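To be precise, the following lines are structure-v3.cif, and they hold mmCIF, C-alpha atoms.
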data_model
loop_
_atom_site.group_PDB
_atom_site.id
_atom_site.type_symbol
_atom_site.label_atom_id
_atom_site.label_comp_id
_atom_site.auth_asym_id
_atom_site.auth_seq_id
_atom_site.Cartn_x
_atom_site.Cartn_y
_atom_site.Cartn_z
ATOM 1 C CA GLY J 1 144.935 86.670 40.326
ATOM 2 C CA ILE J 2 142.708 86.575 43.443
ATOM 3 C CA LEU J 3 139.685 84.296 43.083
ATOM 4 C CA MET J 4 141.511 81.303 41.645
ATOM 5 C CA MET J 5 145.012 80.366 40.515
ATOM 6 C CA ARG J 6 145.809 76.888 39.219
ATOM 7 C CA VAL J 7 149.024 75.172 38.163
ATOM 8 C CA THR J 8 148.820 71.803 36.408
ATOM 9 C CA ASP J 9 151.661 69.528 35.346
ATOM 10 C CA ASN J 10 152.046 66.037 33.896
ATOM 11 C CA GLY J 11 155.098 65.105 35.968
ATOM 12 C CA VAL J 12 155.680 62.040 38.147
ATOM 13 C CA GLY J 13 153.090 63.100 40.717
ATOM 14 C CA ILE J 14 153.058 62.873 44.519
ATOM 15 C CA SER J 15 152.593 59.653 46.507
ATOM 16 C CA ARG J 16 149.759 59.314 49.024
ATOM 17 C CA GLU J 17 152.095 59.252 52.026
ATOM 18 C CA ASP J 18 153.795 62.439 50.866
ATOM 19 C CA MET J 19 150.591 64.407 50.206
ATOM 20 C CA PRO J 20 150.050 65.652 53.819
ATOM 21 C CA LYS J 21 153.709 66.728 53.998
ATOM 22 C CA THR J 22 153.410 69.075 51.031
ATOM 23 C CA ILE J 23 151.832 71.848 53.143
ATOM 24 C CA LEU J 24 154.277 71.541 56.047
ATOM 25 C CA ARG J 25 157.066 74.129 56.189
ATOM 26 C CA HIS J 26 160.390 72.886 54.822
ATOM 27 C CA ALA J 27 159.062 69.331 54.308
ATOM 28 C CA THR J 28 159.735 69.608 50.557
ATOM 29 C CA SER J 29 163.103 71.341 51.010
ATOM 30 C CA LYS J 30 165.925 70.167 48.741
ATOM 31 C CA ILE J 31 168.509 71.374 51.283
ATOM 32 C CA LYS J 32 169.934 68.972 53.862
ATOM 33 C CA THR J 33 173.305 70.596 54.541
ATOM 34 C CA ALA J 34 174.690 74.104 54.035
ATOM 35 C CA SER J 35 176.901 72.837 51.213
ATOM 36 C CA ASP J 36 173.771 71.854 49.238
ATOM 37 C CA LEU J 37 173.186 75.558 48.569
ATOM 38 C CA ASP J 38 176.145 75.521 46.170
ATOM 39 C CA GLY J 39 174.448 73.028 43.873
ATOM 40 C CA VAL J 40 170.765 73.949 43.860
ATOM 41 C CA LEU J 41 169.325 72.907 40.492
ATOM 42 C CA THR J 42 165.607 73.380 41.209
ATOM 43 C CA LEU J 43 163.526 76.557 41.284
ATOM 44 C CA GLY J 44 162.244 75.883 44.786
ATOM 45 C CA PHE J 45 164.604 74.596 47.457
ATOM 46 C CA ARG J 46 163.456 75.864 50.873
ATOM 47 C CA GLY J 47 160.155 74.013 50.928
ATOM 48 C CA GLU J 48 158.038 76.996 51.953
ATOM 49 C CA ALA J 49 155.846 77.831 48.943
ATOM 50 C CA LEU J 50 152.981 75.367 49.431
ATOM 51 C CA ALA J 51 153.068 75.850 53.194
ATOM 52 C CA ALA J 52 152.740 79.611 52.746
ATOM 53 C CA LEU J 53 150.029 79.216 50.112
ATOM 54 C CA SER J 54 147.901 76.901 52.249
ATOM 55 C CA SER J 55 148.043 79.368 55.159
ATOM 56 C CA VAL J 56 146.499 82.242 53.152
ATOM 57 C CA ALA J 57 144.279 80.546 50.541
ATOM 58 C CA LYS J 58 141.867 77.652 50.257
ATOM 59 C CA THR J 59 144.256 75.146 48.739
ATOM 60 C CA GLU J 60 143.539 71.955 46.827
ATOM 61 C CA ILE J 61 146.203 69.505 45.645
ATOM 62 C CA ILE J 62 145.171 66.635 43.376
ATOM 63 C CA SER J 63 147.923 64.262 42.359
ATOM 64 C CA LYS J 64 148.578 60.767 41.069
ATOM 65 C CA HIS J 65 152.027 59.262 41.303
ATOM 66 C CA ILE J 66 153.131 57.660 38.065
ATOM 67 C CA GLU J 67 153.506 54.265 39.792
ATOM 68 C CA ALA J 68 150.242 54.427 41.771
ATOM 69 C CA ASP J 69 146.902 52.900 40.787
ATOM 70 C CA GLU J 70 144.838 55.876 41.943
ATOM 71 C CA GLY J 71 145.118 59.574 42.681
ATOM 72 C CA TYR J 72 144.468 61.563 45.848
ATOM 73 C CA ARG J 73 143.043 64.948 46.776
ATOM 74 C CA LEU J 74 144.235 67.073 49.666
ATOM 75 C CA TYR J 75 142.104 70.072 50.629
ATOM 76 C CA CYS J 76 143.075 72.689 53.200
ATOM 77 C CA ASP J 77 140.991 75.594 54.566
ATOM 78 C CA GLU J 78 139.992 77.144 57.886
ATOM 79 C CA ASN J 79 138.311 73.886 58.932
ATOM 80 C CA GLY J 80 141.453 71.774 58.611
ATOM 81 C CA VAL J 81 142.900 69.292 56.149
ATOM 82 C CA GLU J 82 141.100 66.540 54.209
ATOM 83 C CA LEU J 83 142.729 63.726 52.233
ATOM 84 C CA ASP J 84 140.730 61.335 50.071
ATOM 85 C CA VAL J 85 140.853 59.338 46.845
ATOM 86 C CA SER J 86 140.314 61.321 43.639
ATOM 87 C CA PRO J 87 140.393 60.265 39.963
ATOM 88 C CA SER J 88 143.424 61.887 38.360
ATOM 89 C CA PRO J 89 145.830 61.437 35.446
ATOM 90 C CA ASP J 90 149.549 61.208 36.194
ATOM 91 C CA GLY J 91 150.818 64.532 37.510
ATOM 92 C CA THR J 92 149.671 67.227 39.883
ATOM 93 C CA VAL J 93 147.054 70.001 39.972
ATOM 94 C CA ILE J 94 147.409 72.724 42.613
ATOM 95 C CA THR J 95 144.568 75.226 43.009
ATOM 96 C CA ALA J 96 144.451 78.257 45.298
ATOM 97 C CA ARG J 97 141.120 80.021 45.835
ATOM 98 C CA ASP J 98 140.063 83.179 47.690
ATOM 99 C CA LEU J 99 143.533 84.592 48.355
ATOM 100 C CA PHE J 100 143.845 86.061 51.897
ATOM 101 C CA TYR J 101 140.267 84.990 52.724
ATOM 102 C CA ASN J 102 141.385 84.500 56.348
ATOM 103 C CA GLN J 103 143.464 87.696 56.584
ATOM 104 C CA PRO J 104 141.118 90.625 55.858
ATOM 105 C CA ALA J 105 143.749 93.213 56.820
ATOM 106 C CA ARG J 106 146.151 91.789 54.231
ATOM 107 C CA LYS J 107 143.386 91.379 51.659
ATOM 108 C CA LYS J 108 142.724 95.135 51.722
ATOM 109 C CA PHE J 109 146.144 95.709 50.172
ATOM 110 C CA LEU J 110 145.353 93.608 47.110
ATOM 111 C CA LYS J 111 144.811 95.579 43.932
ATOM 112 C CA LYS J 112 142.024 95.102 41.402
ATOM 113 C CA ASP J 113 141.598 91.678 39.827
ATOM 114 C CA ALA J 114 143.077 92.875 36.549
ATOM 115 C CA SER J 115 146.168 94.270 38.309
ATOM 116 C CA GLU J 116 146.793 91.085 40.287
ATOM 117 C CA THR J 117 146.334 89.016 37.134
ATOM 118 C CA ALA J 118 148.793 91.278 35.331
ATOM 119 C CA ALA J 119 151.329 90.572 38.087
ATOM 120 C CA CYS J 120 151.077 86.845 37.314
ATOM 121 C CA VAL J 121 151.859 87.322 33.611
ATOM 122 C CA PRO J 122 155.606 88.145 33.814
ATOM 123 C CA VAL J 123 156.146 85.295 36.279
ATOM 124 C CA VAL J 124 154.847 82.723 33.798
ATOM 125 C CA GLU J 125 156.558 84.428 30.863
ATOM 126 C CA LYS J 126 159.966 84.247 32.535
ATOM 127 C CA LEU J 127 159.461 80.626 33.558
ATOM 128 C CA ALA J 128 158.652 79.773 29.954
ATOM 129 C CA LEU J 129 161.773 81.578 28.713
ATOM 130 C CA ALA J 130 163.973 79.975 31.382
ATOM 131 C CA HIS J 131 162.788 76.492 30.417
ATOM 132 C CA PRO J 132 162.142 76.242 26.674
ATOM 133 C CA GLU J 133 162.365 72.460 27.060
ATOM 134 C CA ILE J 134 159.038 72.515 28.945
ATOM 135 C CA SER J 135 155.765 73.317 27.201
ATOM 136 C CA PHE J 136 153.861 76.074 29.040
ATOM 137 C CA THR J 137 150.225 77.006 28.457
ATOM 138 C CA PHE J 138 149.071 80.221 30.133
ATOM 139 C CA ILE J 139 145.325 80.802 30.496
ATOM 140 C CA THR J 140 143.760 83.834 32.145
ATOM 141 C CA ASP J 141 140.041 84.664 32.388
ATOM 142 C CA GLY J 142 139.327 81.747 30.057
ATOM 143 C CA GLU J 143 141.615 83.131 27.351
ATOM 144 C CA LYS J 144 144.725 81.267 26.216
ATOM 145 C CA ARG J 145 147.471 83.912 26.318
ATOM 146 C CA PHE J 146 150.310 81.817 24.960
ATOM 147 C CA VAL J 147 151.537 78.257 24.455
ATOM 148 C CA THR J 148 155.217 77.357 24.144
ATOM 149 C CA SER J 149 156.230 74.271 22.191
ATOM 150 C CA GLY J 150 158.636 72.773 24.726
ATOM 151 C CA ASP J 151 161.028 71.844 21.914
ATOM 152 C CA GLY J 152 164.055 73.362 23.691
ATOM 153 C CA SER J 153 164.375 76.345 21.331
ATOM 154 C CA LEU J 154 164.710 79.670 23.171
ATOM 155 C CA TYR J 155 163.769 81.536 19.993
ATOM 156 C CA ASN J 156 160.520 79.577 19.675
ATOM 157 C CA ALA J 157 159.716 80.316 23.323
ATOM 158 C CA ILE J 158 160.342 84.051 22.739
ATOM 159 C CA TYR J 159 158.131 83.928 19.634
ATOM 160 C CA ALA J 160 155.286 82.310 21.613
ATOM 161 C CA VAL J 161 155.574 84.662 24.601
ATOM 162 C CA TYR J 162 156.274 88.031 22.931
ATOM 163 C CA GLY J 163 154.925 87.505 19.423
ATOM 164 C CA LYS J 164 156.117 87.561 15.832
ATOM 165 C CA GLU J 165 157.153 91.235 15.662
ATOM 166 C CA THR J 166 159.409 91.157 18.725
ATOM 167 C CA ALA J 167 160.973 87.819 17.788
ATOM 168 C CA GLY J 168 161.567 89.010 14.221
ATOM 169 C CA ASN J 169 163.663 91.950 15.417
ATOM 170 C CA LEU J 170 166.087 89.896 17.505
ATOM 171 C CA ILE J 171 169.729 89.052 16.837
ATOM 172 C CA PRO J 172 171.322 85.866 18.274
ATOM 173 C CA ALA J 173 174.257 86.522 20.607
ATOM 174 C CA SER J 174 176.786 84.147 22.180
ATOM 175 C CA TYR J 175 180.102 84.349 23.984
ATOM 176 C CA GLU J 176 182.132 81.720 25.800
ATOM 177 C CA THR J 177 185.154 81.639 28.094
ATOM 178 C CA GLU J 178 186.658 78.788 30.071
ATOM 179 C CA LYS J 179 184.126 79.154 32.889
ATOM 180 C CA ILE J 180 181.248 81.217 31.495
ATOM 181 C CA SER J 181 178.942 80.750 28.544
ATOM 182 C CA VAL J 182 176.478 83.461 27.534
ATOM 183 C CA THR J 183 173.811 82.850 24.886
ATOM 184 C CA GLY J 184 170.575 84.566 24.011
ATOM 185 C CA TYR J 185 168.980 87.214 21.820
ATOM 186 C CA VAL J 186 169.282 90.999 21.740
ATOM 187 C CA SER J 187 167.160 93.536 19.922
ATOM 188 C CA SER J 188 168.291 95.154 16.703
ATOM 189 C CA PRO J 189 169.462 98.772 17.333
ATOM 190 C CA GLU J 190 166.640 99.940 15.057
ATOM 191 C CA PHE J 191 164.038 98.690 17.543
ATOM 192 C CA PRO J 192 164.865 99.940 21.070
ATOM 193 C CA ARG J 193 162.277 100.167 23.847
ATOM 194 C CA ALA J 194 161.129 103.084 25.983
ATOM 195 C CA SER J 195 161.777 101.097 29.202
ATOM 196 C CA ARG J 196 163.760 98.131 30.536
ATOM 197 C CA ARG J 197 160.660 95.933 30.764
ATOM 198 C CA GLY J 198 161.790 93.910 27.761
ATOM 199 C CA GLN J 199 165.047 92.837 29.415
ATOM 200 C CA VAL J 200 165.144 89.313 30.834
ATOM 201 C CA PHE J 201 168.289 87.800 32.363
ATOM 202 C CA LEU J 202 168.563 84.108 33.184
ATOM 203 C CA LEU J 203 171.342 82.483 35.199
ATOM 204 C CA ASN J 204 171.515 78.673 35.212
ATOM 205 C CA GLY J 205 167.815 78.386 34.395
ATOM 206 C CA ARG J 206 166.703 80.919 37.005
ATOM 207 C CA CYS J 207 165.408 84.412 36.245
ATOM 208 C CA ILE J 208 167.449 87.079 38.035
ATOM 209 C CA GLN J 209 167.555 90.857 38.442
ATOM 210 C CA SER J 210 171.067 92.159 37.869
ATOM 211 C CA LYS J 211 172.066 95.799 37.528
ATOM 212 C CA THR J 212 175.512 94.608 36.429
ATOM 213 C CA ALA J 213 174.025 92.661 33.518
ATOM 214 C CA GLN J 214 171.729 95.582 32.662
ATOM 215 C CA ALA J 215 174.649 98.000 32.606
ATOM 216 C CA ALA J 216 176.735 95.661 30.455
ATOM 217 C CA LEU J 217 173.926 95.232 27.933
ATOM 218 C CA GLU J 218 173.172 98.929 27.707
ATOM 219 C CA ARG J 219 176.837 99.885 27.432
ATOM 220 C CA GLY J 220 177.137 97.671 24.384
ATOM 221 C CA PHE J 221 174.273 99.581 22.775
ATOM 222 C CA GLU J 222 175.039 103.127 23.934
ATOM 223 C CA SER J 223 176.539 104.321 20.638
ATOM 224 C CA TYR J 224 173.782 102.683 18.576
ATOM 225 C CA ILE J 225 170.528 103.814 20.189
ATOM 226 C CA PRO J 226 169.288 107.246 21.417
ATOM 227 C CA ARG J 227 169.540 108.245 25.060
ATOM 228 C CA GLY J 228 166.462 107.321 27.038
ATOM 229 C CA LYS J 229 165.897 104.199 24.936
ATOM 230 C CA TYR J 230 166.772 100.655 26.003
ATOM 231 C CA PRO J 231 167.731 97.410 24.247
#

Is it possible to give me this structure as C-alpha cells?
Amino acid sequence: GILMMRVTDNGVGISREDMPKTILRHATSKIKTASDLDGVLTLGFRGEALAALSSVAKTEIISKHIEADEGYRLYCDENGVELDVSPSPDGTVITARDLFYNQPARKKFLKKDASETAACVPVVEKLALAHPEISFTFITDGEKRFVTSGDGSLYNAIYAVYGKETAGNLIPASYETEKISVTGYVSSPEFPRASRRGQVFLLNGRCIQSKTAQAALERGFESYIPRGKYP
C-alpha cells in the first residue's frame, strides 16, 4: 500500500512513441468534445491517473505493444524521466514505489502499511466484480488473496472474491423495463449483515455509491430482516 504497488496486464501494450505521453496530464484522455462524456465506456477518461501517480511516486512503466518487436521501460523520479529498451511480453506493467517520497508533509498523513493495503483491497474487489469477463489476480505481501476466472460469470467472480459461504447464501435477482435492466445477487433474508459493507452497486460496468439504490434494496428487505441489519 505504500512501498510498492504494481498493476500488470496482458493487453495490447503501449507503443514507444506513446510511452513518454503516458505521464503527461490529459494526454491519455478519451474525451475530445463535451458530448463524449455521454458515451464514456472506459474506467478512466480524463487522462490524469498516471500523471498524478508519477508526480508523487517513483514510477516505472514497462510495456510492449502487440505489434512491436521489443518492449520499452519508462522510469520517472526526482531526477527526471528515462526511456530505454526492456525485454517484455505483450502488455503493460506499471509499478509505483515509495508513495509521497517527495512530499513529506503529505506522507505524514498516510496510515500504517496494513491500513493502506486494506484500502487497496475493496478497489480490486469491485473491479473484479464489475468485470467478470476479465481474470483478476490480487496479491498482497506475497500472498495470493483471490483469483477470478474471467469466464464472464458474476457468480463465479463473487465466489472468488468473497468465498464459498457468502456466495452460497445468495439469490439471483433480475428485472427489466424498456430502458433499464437490473441483474445481480442479493443475500438470503436468513443471512443479513451488521453493516452495509457487503453492498456493491455497479452501473454500466462502473462501481458507484448510491443512497437511492441502497434505500431501494433495504426497503425490499425491511419486513424480512431485523432492524439494524442490512442485506

Exercise. At what distance in Å, to one decimal, does CA of Phe45 (chain J) lie from CA of Glu82 (chain J)?
Worked result: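 Interatomic distance here is 25.7 Å.
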
List every protein, DNA or RNA residue that has at least one atom no more than 6 Å from (145.1, 88.3, 33.0) in the file's coordinates, counting only C-alpha atoms, and write the result as a PDB file with C-alpha atoms, keeping the file's coordinate frame.
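Result file is selection_39.pdb:
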ATOM      1  CA  THR J 117     146.334  89.016  37.134  1.00  0.00           C
ATOM      2  CA  ALA J 118     148.793  91.278  35.331  1.00  0.00           C
ATOM      3  CA  THR J 140     143.760  83.834  32.145  1.00  0.00           C
TER       4      THR J 140
END

Problem set entry | Picked residues, the PyMOL selection byres ((chain J and resi 146) around 8), expected as number ranges by chain | J: 136-139, 144-145, 147-148, 160-161

For this session: Output the residue selection produced by the PyMOL selection byres ((chain J and resi 150) around 12) on the file above, formatted as a list in words.
Result: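 Against this file, the PyMOL selection byres ((chain J and resi 150) around 12) returns the residues Leu127, Ala128, Leu129, Ala130, His131, Pro132, Glu133, Ile134, Ser135, Phe136, Thr137, Val147, Thr148, Ser149, Asp151, Gly152, Ser153, Leu154, Tyr155, Asn156, Ala157, Ile158 and Ala160 of chain J.
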
Problem set entry | Among listed residues J:Ser29, J:Glu67, J:Val85, J:Ser35, nearest Glu48 (chain J) (using all atoms listed in the file) |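 So, comparing all the options, the nearest one is J:Ser29.
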